[in-house]
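Engineer: Can you keep this structure in mind? I'll have questions shortly.
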Amino acid sequence: MPDLRKKMRKKHHHKKKPSAFKKWTGKLHLWLGLGVGFLIFIISITGALYVFKDEIENATRKEVIYHNEQNIEQKQVLPIRVLEKAVVEQVKEKYPVHWVNIPIDKKMSYLFYWYEHNPEGWNYFDEFPIYKVAYVNPYNGQVLRTYDEKNGFFQIVKMIHWSYLLKQSWGTYLVGIPVIIFVIMLISGIVLWWPKNKAARKQRFSFKWKNVKSWKRKNYDLHNVLGFYASIFALIFSITGLFYAFLFVQGAIYFIFSGGKTAYPDFSSITTKAPVELRTEGTLDKISNTVKAKYPDSYGFSIDLGHEHMDDHEHPHFEVYVKHLSYSYHKSSSLIFDENSGELLHTHDMKDKNFGEKAVGANYDIHVGSILGLPTKIIAFVVSLICASLPVSGFLIWWGRRKKKSVKTA
């Protein structure tokens with residue numbers, strides 16, 4: 001009889017109540033989640049939709065990415081200004097062409113971009129009157145096709161993710177603040193997830209659904225297990241996203257990875273010295289040929305065509321950005337030219353950059369998952385979907401407990 005009582009006492013032994021710290025952490029996690037959950041869902045789902053933008057566009061635009069001009073070994077590309085005039089005549093836009101992307105691969109089309117930013121606009125559609133691209137055969141100036149990037153699916157998705165389609169200068173803060181809260185939630189979620197002992201640890205790393213029929217239990221496990229596995233990547237994607245919303249995050253990342261430097265390299269003292277009379281129709285071609293000769297194995301580079309624009313500001317020098325890889329931006333170089341004579345004044349290669357510059361340069365690729373190509377894109381896609389699911393599964397946990405309490409009260 002005494003043994004039976006002992007067993008009964010063990011069987012009905014109450015679980016140890018959570019500590020005050022975990023209790024308040026749980027409350028914080030709950031109310032923050034209820035406050036910003038919907039916004040986190042929007043930010044995460046648009047992030048997931050954007051991940052494979054390049055792969056999808058490369059497939060849907062494959063007919064114009066390559067111009068298919070024959071016998072190009074025996075031909076020369078047309079001068080940049082001649083190409084620009086041909087493009088303007090064919091497209092007939094009221095705005096001037098802003099820049100041209102020039103690929104190193106001779107089989108690929110040139111990309112001419114129209115892009116204007118109106119600082120007075122209060123939403124995305126007013127702020128950017130035009131964002132358009134023309135794929136052009138550089139050997140004859142024929143416009144193969146134009147795309148309205150401004151109203152394109154991926155650009156709209158990106159700008160919802162970036163600023164909820166609101167004015168950039170404050171829309172990015174409205175995205176950034178919920179992301180800061182999400183970072184706090186990720187940390188508090190790990191605290192709540194953390195097992196008390198070995199027995200509890202076994203249940204936290206995987207789903208134990210063999211004899212579980214309750215959807216509430218399965219939903220709870222999904223929230224906890226998926227949330228744990230995604231948490232490290234989610235923190236990385238969140239912090240690299242905050243980079244674009246808050247200057248202090250940019251400064252902190254540069255400071256940490258540069259070994260305590262507070263000043264970013266400044267090349268504004270390197271300016272155009274040659275008289276404007278030296279500038280000719282062929283100056284941009286001279287610059288282009290210099291870049292091609294210096295980086296024959298790069299992916300391509302961009303050249304500003306030098307026209308006035310809505311948000312025009314003073315450029316201390318003429319800089320050309322060189323992209324070394326097709327799938328990401330983190331390996332890049334910049335060259336400064338005299339915009340009148342076309343002479344190369346300064347080169348800033350990858351090997352010249354400190355680790356802080358490299359970290360800043362890699363931020364975008366880390367954020368969108370393109371840093372190592374397809375494998376990291378898949379990780380970014382899956383983690384973004386999990387992050388989108390967390391507010392939903394978390395809400396269902398709260399709602400289930402709320403209903404349970406109301407039933408008990410009744």
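As shown in the structure tokens, the chain order sets the letters A, B, ...; within each chain, residues go from 1, and ligands are also counted from 1 in the order they appear.
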So which residues touch region 140-144 of chain A within 9 Å, counting only C-alpha atoms, skipping near sequence neighbours fewer than 4 positions away, as number ranges by chain?

Structural biologist: A: 63-64, 67, 69, 77-78, 82-87, 90-91, 109, 134-136

Engineer: Selected residues, C-alpha atoms, written as a tab-separated table (two decimals), in the first residue's frame, please.

Structural biologist:
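Once everything was written out, this is result-v9.tsv:
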chain	number	residue	atom	x	y	z
A	63	GLU	CA	15.83	35.71	-75.80
A	64	VAL	CA	17.10	39.27	-75.25
A	67	HIS	CA	21.68	39.56	-78.89
A	69	GLU	CA	24.46	38.84	-83.65
A	77	VAL	CA	30.52	47.47	-81.11
A	78	LEU	CA	29.13	50.90	-81.90
A	82	VAL	CA	25.91	56.43	-81.07
A	83	LEU	CA	24.12	53.59	-79.26
A	84	GLU	CA	22.49	56.05	-76.87
A	85	LYS	CA	21.11	58.16	-79.75
A	86	ALA	CA	19.76	55.04	-81.47
A	87	VAL	CA	18.08	53.90	-78.24
A	90	GLN	CA	13.54	53.99	-80.78
A	91	VAL	CA	12.19	54.21	-77.23
A	109	SER	CA	23.23	42.72	-74.87
A	134	ALA	CA	16.17	48.48	-72.82
A	135	TYR	CA	18.13	45.44	-74.01
A	136	VAL	CA	20.21	46.58	-76.96

Engineer: Please tabulate, as a Markdown table, the residues of region 98-181 of chain A that come within 8 Å of region 42-46 of chain A, each with its closest pair of atoms and the distance in Å to one decimal, counting only C-alpha atoms and ordering rows by chain, then residue number upward.

Structural biologist:
| residue | atom | partner | partner_atom | distance |
| --- | --- | --- | --- | --- |
| A:Val157 | CA | A:Thr46 | CA | 5.7 |
| A:Lys158 | CA | A:Thr46 | CA | 6.9 |
| A:Ile160 | CA | A:Thr46 | CA | 7.1 |
| A:His161 | CA | A:Ile43 | CA | 5.1 |
| A:Val175 | CA | A:Ile43 | CA | 7.7 |

Engineer: What's around region 266-269 of chain A at 12 Å? Count only C-alpha atoms, leave out sequence neighbours fewer than 6 positions away in its own chain, and write the answer as a ChimeraX atom specification.

Structural biologist: /A:314-319,334-337,345-348,357

Engineer: Which residues, written as a PyMOL selection string, have at least one atom at most 7 Å from region 321-333 of chain A, with only C-alpha atoms counted and residues fewer than 2 positions away on the same chain left out?

Structural biologist: chain A and resi 298-302+319+335+348-350+361-362+365+370-371+373

Engineer: Keeping only N, CA and C atoms, write those residues as a PDB file, in the first residue's frame.

Structural biologist:
ATOM      1  N   SER A 298      35.924  39.943 -65.635  1.00  0.00           N
ATOM      2  CA  SER A 298      34.806  40.380 -64.793  1.00  0.00           C
ATOM      3  C   SER A 298      33.482  40.105 -65.517  1.00  0.00           C
ATOM      4  N   TYR A 299      32.374  40.351 -64.826  1.00  0.00           N
ATOM      5  CA  TYR A 299      31.059  40.140 -65.443  1.00  0.00           C
ATOM      6  C   TYR A 299      30.632  41.349 -66.272  1.00  0.00           C
ATOM      7  N   GLY A 300      30.861  42.547 -65.738  1.00  0.00           N
ATOM      8  CA  GLY A 300      30.465  43.756 -66.458  1.00  0.00           C
ATOM      9  C   GLY A 300      30.645  44.987 -65.605  1.00  0.00           C
ATOM     10  N   PHE A 301      30.248  46.138 -66.147  1.00  0.00           N
ATOM     11  CA  PHE A 301      30.414  47.394 -65.431  1.00  0.00           C
ATOM     12  C   PHE A 301      29.339  48.389 -65.874  1.00  0.00           C
ATOM     13  N   SER A 302      29.187  49.449 -65.092  1.00  0.00           N
ATOM     14  CA  SER A 302      28.174  50.478 -65.368  1.00  0.00           C
ATOM     15  C   SER A 302      28.841  51.814 -65.635  1.00  0.00           C
ATOM     16  N   GLU A 319      33.025  57.924 -61.520  1.00  0.00           N
ATOM     17  CA  GLU A 319      33.368  56.600 -61.008  1.00  0.00           C
ATOM     18  C   GLU A 319      32.658  55.509 -61.802  1.00  0.00           C
ATOM     19  N   LEU A 335      36.653  52.329 -60.293  1.00  0.00           N
ATOM     20  CA  LEU A 335      37.700  53.086 -60.971  1.00  0.00           C
ATOM     21  C   LEU A 335      37.254  54.533 -61.096  1.00  0.00           C
ATOM     22  N   HIS A 348      40.407  51.173 -57.203  1.00  0.00           N
ATOM     23  CA  HIS A 348      40.185  50.603 -55.864  1.00  0.00           C
ATOM     24  C   HIS A 348      39.687  49.171 -56.044  1.00  0.00           C
ATOM     25  N   ASP A 349      40.633  48.222 -55.974  1.00  0.00           N
ATOM     26  CA  ASP A 349      40.337  46.805 -56.204  1.00  0.00           C
ATOM     27  C   ASP A 349      39.906  46.110 -54.918  1.00  0.00           C
ATOM     28  N   MET A 350      39.455  44.862 -55.075  1.00  0.00           N
ATOM     29  CA  MET A 350      39.092  44.052 -53.909  1.00  0.00           C
ATOM     30  C   MET A 350      40.282  43.915 -52.957  1.00  0.00           C
ATOM     31  N   GLY A 361      30.293  45.697 -48.463  1.00  0.00           N
ATOM     32  CA  GLY A 361      30.028  45.323 -49.849  1.00  0.00           C
ATOM     33  C   GLY A 361      29.285  44.005 -49.993  1.00  0.00           C
ATOM     34  N   ALA A 362      29.451  43.120 -49.000  1.00  0.00           N
ATOM     35  CA  ALA A 362      28.797  41.804 -49.046  1.00  0.00           C
ATOM     36  C   ALA A 362      27.416  41.817 -48.404  1.00  0.00           C
ATOM     37  N   ASP A 365      24.355  40.877 -50.647  1.00  0.00           N
ATOM     38  CA  ASP A 365      24.388  39.471 -51.072  1.00  0.00           C
ATOM     39  C   ASP A 365      24.060  38.525 -49.927  1.00  0.00           C
ATOM     40  N   SER A 370      22.478  35.569 -51.982  1.00  0.00           N
ATOM     41  CA  SER A 370      23.236  35.288 -53.218  1.00  0.00           C
ATOM     42  C   SER A 370      24.742  35.192 -52.989  1.00  0.00           C
ATOM     43  N   ILE A 371      25.188  35.305 -51.755  1.00  0.00           N
ATOM     44  CA  ILE A 371      26.619  35.388 -51.441  1.00  0.00           C
ATOM     45  C   ILE A 371      27.400  34.185 -51.970  1.00  0.00           C
ATOM     46  N   GLY A 373      25.792  31.898 -54.171  1.00  0.00           N
ATOM     47  CA  GLY A 373      25.001  31.370 -55.277  1.00  0.00           C
ATOM     48  C   GLY A 373      23.752  30.617 -54.832  1.00  0.00           C
TER      49      GLY A 373
END

Engineer: So which residues of region 83-179 of chain A fall under strand (DSSP E) by DSSP, listed as a list in words?

Structural biologist: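 So, restricting region 83-179 of chain A to strand (DSSP E), we get Trp99, Val100, Asn101, Ile102, Pro103, Tyr110, Leu111, Phe112, Tyr113, Trp114, Tyr115, Glu116, Ile130, Tyr131, Lys132, Val133, Ala134, Tyr135, Val136, Val143, Leu144, Arg145, Thr146, Tyr147 and Asp148 of chain A.
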
Engineer: Atoms to include: N, CA and C atoms. Write the selected residues as a PDB file, in the first residue's frame.

Structural biologist:
ATOM      1  N   TRP A  99      22.022  55.472 -67.238  1.00  0.00           N
ATOM      2  CA  TRP A  99      23.297  54.758 -67.309  1.00  0.00           C
ATOM      3  C   TRP A  99      23.182  53.559 -68.232  1.00  0.00           C
ATOM      4  N   VAL A 100      24.330  52.962 -68.536  1.00  0.00           N
ATOM      5  CA  VAL A 100      24.364  51.757 -69.362  1.00  0.00           C
ATOM      6  C   VAL A 100      25.196  50.690 -68.643  1.00  0.00           C
ATOM      7  N   ASN A 101      24.675  49.468 -68.646  1.00  0.00           N
ATOM      8  CA  ASN A 101      25.426  48.310 -68.146  1.00  0.00           C
ATOM      9  C   ASN A 101      26.086  47.621 -69.323  1.00  0.00           C
ATOM     10  N   ILE A 102      27.400  47.488 -69.244  1.00  0.00           N
ATOM     11  CA  ILE A 102      28.171  46.905 -70.348  1.00  0.00           C
ATOM     12  C   ILE A 102      28.751  45.566 -69.903  1.00  0.00           C
ATOM     13  N   PRO A 103      28.331  44.464 -70.522  1.00  0.00           N
ATOM     14  CA  PRO A 103      28.864  43.151 -70.142  1.00  0.00           C
ATOM     15  C   PRO A 103      30.224  42.898 -70.798  1.00  0.00           C
ATOM     16  N   TYR A 110      23.746  45.031 -74.338  1.00  0.00           N
ATOM     17  CA  TYR A 110      23.932  46.162 -73.438  1.00  0.00           C
ATOM     18  C   TYR A 110      22.572  46.489 -72.812  1.00  0.00           C
ATOM     19  N   LEU A 111      22.596  47.022 -71.583  1.00  0.00           N
ATOM     20  CA  LEU A 111      21.358  47.409 -70.913  1.00  0.00           C
ATOM     21  C   LEU A 111      21.381  48.915 -70.661  1.00  0.00           C
ATOM     22  N   PHE A 112      20.434  49.642 -71.289  1.00  0.00           N
ATOM     23  CA  PHE A 112      20.304  51.076 -71.088  1.00  0.00           C
ATOM     24  C   PHE A 112      19.150  51.340 -70.125  1.00  0.00           C
ATOM     25  N   TYR A 113      19.434  52.122 -69.071  1.00  0.00           N
ATOM     26  CA  TYR A 113      18.452  52.342 -68.009  1.00  0.00           C
ATOM     27  C   TYR A 113      17.960  53.789 -67.954  1.00  0.00           C
ATOM     28  N   TRP A 114      16.636  53.914 -67.780  1.00  0.00           N
ATOM     29  CA  TRP A 114      16.015  55.188 -67.413  1.00  0.00           C
ATOM     30  C   TRP A 114      15.626  55.066 -65.942  1.00  0.00           C
ATOM     31  N   TYR A 115      16.039  56.053 -65.158  1.00  0.00           N
ATOM     32  CA  TYR A 115      15.762  55.979 -63.711  1.00  0.00           C
ATOM     33  C   TYR A 115      15.742  57.395 -63.158  1.00  0.00           C
ATOM     34  N   GLU A 116      14.613  57.767 -62.590  1.00  0.00           N
ATOM     35  CA  GLU A 116      14.500  59.098 -61.984  1.00  0.00           C
ATOM     36  C   GLU A 116      13.933  58.976 -60.578  1.00  0.00           C
ATOM     37  N   ILE A 130      10.052  56.982 -63.238  1.00  0.00           N
ATOM     38  CA  ILE A 130      10.411  55.990 -64.251  1.00  0.00           C
ATOM     39  C   ILE A 130      11.556  55.102 -63.765  1.00  0.00           C
ATOM     40  N   TYR A 131      11.450  53.844 -64.089  1.00  0.00           N
ATOM     41  CA  TYR A 131      12.541  52.885 -63.910  1.00  0.00           C
ATOM     42  C   TYR A 131      12.329  51.852 -65.014  1.00  0.00           C
ATOM     43  N   LYS A 132      13.148  51.975 -66.049  1.00  0.00           N
ATOM     44  CA  LYS A 132      12.912  51.204 -67.278  1.00  0.00           C
ATOM     45  C   LYS A 132      14.245  50.753 -67.854  1.00  0.00           C
ATOM     46  N   VAL A 133      14.253  49.620 -68.533  1.00  0.00           N
ATOM     47  CA  VAL A 133      15.488  49.122 -69.131  1.00  0.00           C
ATOM     48  C   VAL A 133      15.236  48.693 -70.572  1.00  0.00           C
ATOM     49  N   ALA A 134      16.218  48.943 -71.418  1.00  0.00           N
ATOM     50  CA  ALA A 134      16.172  48.485 -72.816  1.00  0.00           C
ATOM     51  C   ALA A 134      17.359  47.560 -73.059  1.00  0.00           C
ATOM     52  N   TYR A 135      17.080  46.373 -73.599  1.00  0.00           N
ATOM     53  CA  TYR A 135      18.127  45.437 -74.012  1.00  0.00           C
ATOM     54  C   TYR A 135      18.498  45.771 -75.450  1.00  0.00           C
ATOM     55  N   VAL A 136      19.781  46.024 -75.678  1.00  0.00           N
ATOM     56  CA  VAL A 136      20.214  46.585 -76.963  1.00  0.00           C
ATOM     57  C   VAL A 136      21.341  45.760 -77.567  1.00  0.00           C
ATOM     58  N   VAL A 143      17.070  48.044 -80.461  1.00  0.00           N
ATOM     59  CA  VAL A 143      16.464  47.755 -79.152  1.00  0.00           C
ATOM     60  C   VAL A 143      15.699  46.440 -79.282  1.00  0.00           C
ATOM     61  N   LEU A 144      16.150  45.431 -78.567  1.00  0.00           N
ATOM     62  CA  LEU A 144      15.540  44.108 -78.665  1.00  0.00           C
ATOM     63  C   LEU A 144      14.229  44.042 -77.887  1.00  0.00           C
ATOM     64  N   ARG A 145      14.206  44.688 -76.730  1.00  0.00           N
ATOM     65  CA  ARG A 145      12.983  44.737 -75.933  1.00  0.00           C
ATOM     66  C   ARG A 145      13.192  45.700 -74.767  1.00  0.00           C
ATOM     67  N   THR A 146      12.098  46.322 -74.344  1.00  0.00           N
ATOM     68  CA  THR A 146      12.146  47.164 -73.136  1.00  0.00           C
ATOM     69  C   THR A 146      11.288  46.540 -72.046  1.00  0.00           C
ATOM     70  N   TYR A 147      11.660  46.809 -70.810  1.00  0.00           N
ATOM     71  CA  TYR A 147      10.901  46.316 -69.661  1.00  0.00           C
ATOM     72  C   TYR A 147      10.623  47.465 -68.702  1.00  0.00           C
ATOM     73  N   ASP A 148       9.380  47.578 -68.283  1.00  0.00           N
ATOM     74  CA  ASP A 148       8.990  48.578 -67.290  1.00  0.00           C
ATOM     75  C   ASP A 148       9.302  48.012 -65.914  1.00  0.00           C
TER      76      ASP A 148
END

Engineer: Find, counting only C-alpha atoms, the residue in A:Leu186, A:Phe246, A:Asp126, A:Lys94 that gets nearest to Tyr229 (chain A).

Structural biologist: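 Checking each of A:Leu186, A:Phe246, A:Asp126, A:Lys94 against Tyr229 (chain A), counting only C-alpha atoms, the winner is A:Leu186.
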
Engineer: Just to confirm, what's the straight-line distance from CA of Phe355 (chain A) to CA of Gln250 (chain A) in Å (one decimal)?

Structural biologist: 13.8 Å

Engineer: Using only C-alpha atoms, which of A:Ile378, A:His117, A:Lys75, A:Tyr220 sits nearest Ile397 (chain A)?

Structural biologist: A:Tyr220

Engineer: Using only C-alpha atoms, find each residue of region 22-109 of chain A with at least one atom at most 7 Å away from an atom of region 275-294 of chain A; report its shortest atom-to-atom pair and that distance in Å (one decimal), sort the rows by chain and rising residue number, and return the result as a tab-separated table.

Structural biologist:
residue	atom	partner	partner_atom	distance
A:Pro79	CA	A:Asp285	CA	6.2
A:Ile80	CA	A:Asp285	CA	6.3
A:Arg81	CA	A:Glu281	CA	6.3
A:Ile104	CA	A:Lys292	CA	6.8

Engineer: Please produce a file of the residues just selected, as a short mmCIF file (atom, residue, chain, number, x, y, z; two decimals), in the first residue's frame, where the atoms kept are N, CA and C atoms.

Structural biologist:
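The new file part30.cif reads:
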data_model
loop_
_atom_site.label_atom_id
_atom_site.label_comp_id
_atom_site.auth_asym_id
_atom_site.auth_seq_id
_atom_site.Cartn_x
_atom_site.Cartn_y
_atom_site.Cartn_z
N PRO A 79 29.99 52.99 -80.94
CA PRO A 79 30.35 53.89 -79.84
C PRO A 79 29.14 54.09 -78.91
N ILE A 80 29.42 54.34 -77.64
CA ILE A 80 28.35 54.45 -76.64
C ILE A 80 27.38 55.58 -76.97
N ARG A 81 27.89 56.73 -77.37
CA ARG A 81 27.00 57.85 -77.70
C ARG A 81 26.15 57.56 -78.94
N ILE A 104 31.05 42.09 -70.17
CA ILE A 104 32.33 41.72 -70.76
C ILE A 104 32.12 40.67 -71.86
#

Engineer: Leaving out region 236-239 of chain A and any residue of its chain fewer than 3 positions from it, which residues lie within 8 Å of it when counting only C-alpha atoms, given as a PyMOL selection string?

Structural biologist: chain A and resi 179-180+182-183+232-233+242-243+249+366-368

Engineer: Convert the current residue selection to file output with N, CA and C atoms, as a PDB file, in the first residue's frame.

Structural biologist:
ATOM      1  N   VAL A 179      11.479  45.109 -37.569  1.00  0.00           N
ATOM      2  CA  VAL A 179      12.577  44.142 -37.677  1.00  0.00           C
ATOM      3  C   VAL A 179      13.420  44.160 -36.398  1.00  0.00           C
ATOM      4  N   ILE A 180      13.627  45.334 -35.802  1.00  0.00           N
ATOM      5  CA  ILE A 180      14.320  45.399 -34.507  1.00  0.00           C
ATOM      6  C   ILE A 180      13.543  44.599 -33.467  1.00  0.00           C
ATOM      7  N   PHE A 182      11.532  42.170 -34.095  1.00  0.00           N
ATOM      8  CA  PHE A 182      11.659  40.758 -34.479  1.00  0.00           C
ATOM      9  C   PHE A 182      12.969  40.164 -33.967  1.00  0.00           C
ATOM     10  N   VAL A 183      14.042  40.947 -33.996  1.00  0.00           N
ATOM     11  CA  VAL A 183      15.331  40.493 -33.454  1.00  0.00           C
ATOM     12  C   VAL A 183      15.189  40.188 -31.956  1.00  0.00           C
ATOM     13  N   ILE A 232      19.253  31.457 -36.194  1.00  0.00           N
ATOM     14  CA  ILE A 232      20.574  32.042 -36.499  1.00  0.00           C
ATOM     15  C   ILE A 232      20.554  32.745 -37.850  1.00  0.00           C
ATOM     16  N   PHE A 233      20.011  32.065 -38.869  1.00  0.00           N
ATOM     17  CA  PHE A 233      19.920  32.684 -40.189  1.00  0.00           C
ATOM     18  C   PHE A 233      18.978  33.877 -40.175  1.00  0.00           C
ATOM     19  N   LEU A 242      18.507  45.554 -41.461  1.00  0.00           N
ATOM     20  CA  LEU A 242      18.566  46.800 -40.690  1.00  0.00           C
ATOM     21  C   LEU A 242      19.658  47.738 -41.201  1.00  0.00           C
ATOM     22  N   PHE A 243      20.643  47.174 -41.865  1.00  0.00           N
ATOM     23  CA  PHE A 243      21.730  47.947 -42.488  1.00  0.00           C
ATOM     24  C   PHE A 243      21.161  49.053 -43.384  1.00  0.00           C
ATOM     25  N   VAL A 249      23.570  51.146 -37.870  1.00  0.00           N
ATOM     26  CA  VAL A 249      23.871  49.737 -38.142  1.00  0.00           C
ATOM     27  C   VAL A 249      24.994  49.648 -39.180  1.00  0.00           C
ATOM     28  N   ILE A 366      24.503  38.873 -48.724  1.00  0.00           N
ATOM     29  CA  ILE A 366      24.143  38.063 -47.550  1.00  0.00           C
ATOM     30  C   ILE A 366      22.640  38.166 -47.299  1.00  0.00           C
ATOM     31  N   HIS A 367      22.114  39.385 -47.403  1.00  0.00           N
ATOM     32  CA  HIS A 367      20.702  39.617 -47.107  1.00  0.00           C
ATOM     33  C   HIS A 367      19.770  38.860 -48.061  1.00  0.00           C
ATOM     34  N   VAL A 368      20.104  38.844 -49.344  1.00  0.00           N
ATOM     35  CA  VAL A 368      19.225  38.168 -50.318  1.00  0.00           C
ATOM     36  C   VAL A 368      19.640  36.719 -50.568  1.00  0.00           C
TER      37      VAL A 368
END

Engineer: Please report the interatomic distance between CA of Thr240 (chain A) and CA of Gly47 (chain A) in Å with one decimal.

Structural biologist: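 Taking CA of Thr240 (chain A) and CA of Gly47 (chain A), their separation equals 12.5 Å.
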
Engineer: Which is closer to Asn224 (chain A) than all the others in A:Ile386, A:Leu165, A:Met159, A:Ala245, using only C-alpha atoms?

Structural biologist: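 The shortest atom-to-atom distance to Asn224 (chain A) comes from A:Ile386.
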
Engineer: With a distance cut-off of 12 Å and only C-alpha atoms, select the neighbouring residues of Gln70 (chain A), excluding the residue or stretch itself and same-chain residues fewer than 6 positions from it, and output the selection as a list in words.

Structural biologist: Gln76, Lys106, Lys107, Asn137, Tyr139 and Asn140 of chain A

Engineer: Would you please work out which residue, of A:Trp170, A:Phe228, A:Trp24, A:Phe248, is nearest to Asn123 (chain A) when using only C-alpha atoms?

Structural biologist: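 Ranking A:Trp170, A:Phe228, A:Trp24, A:Phe248 by distance to Asn123 (chain A), first place goes to A:Trp170.
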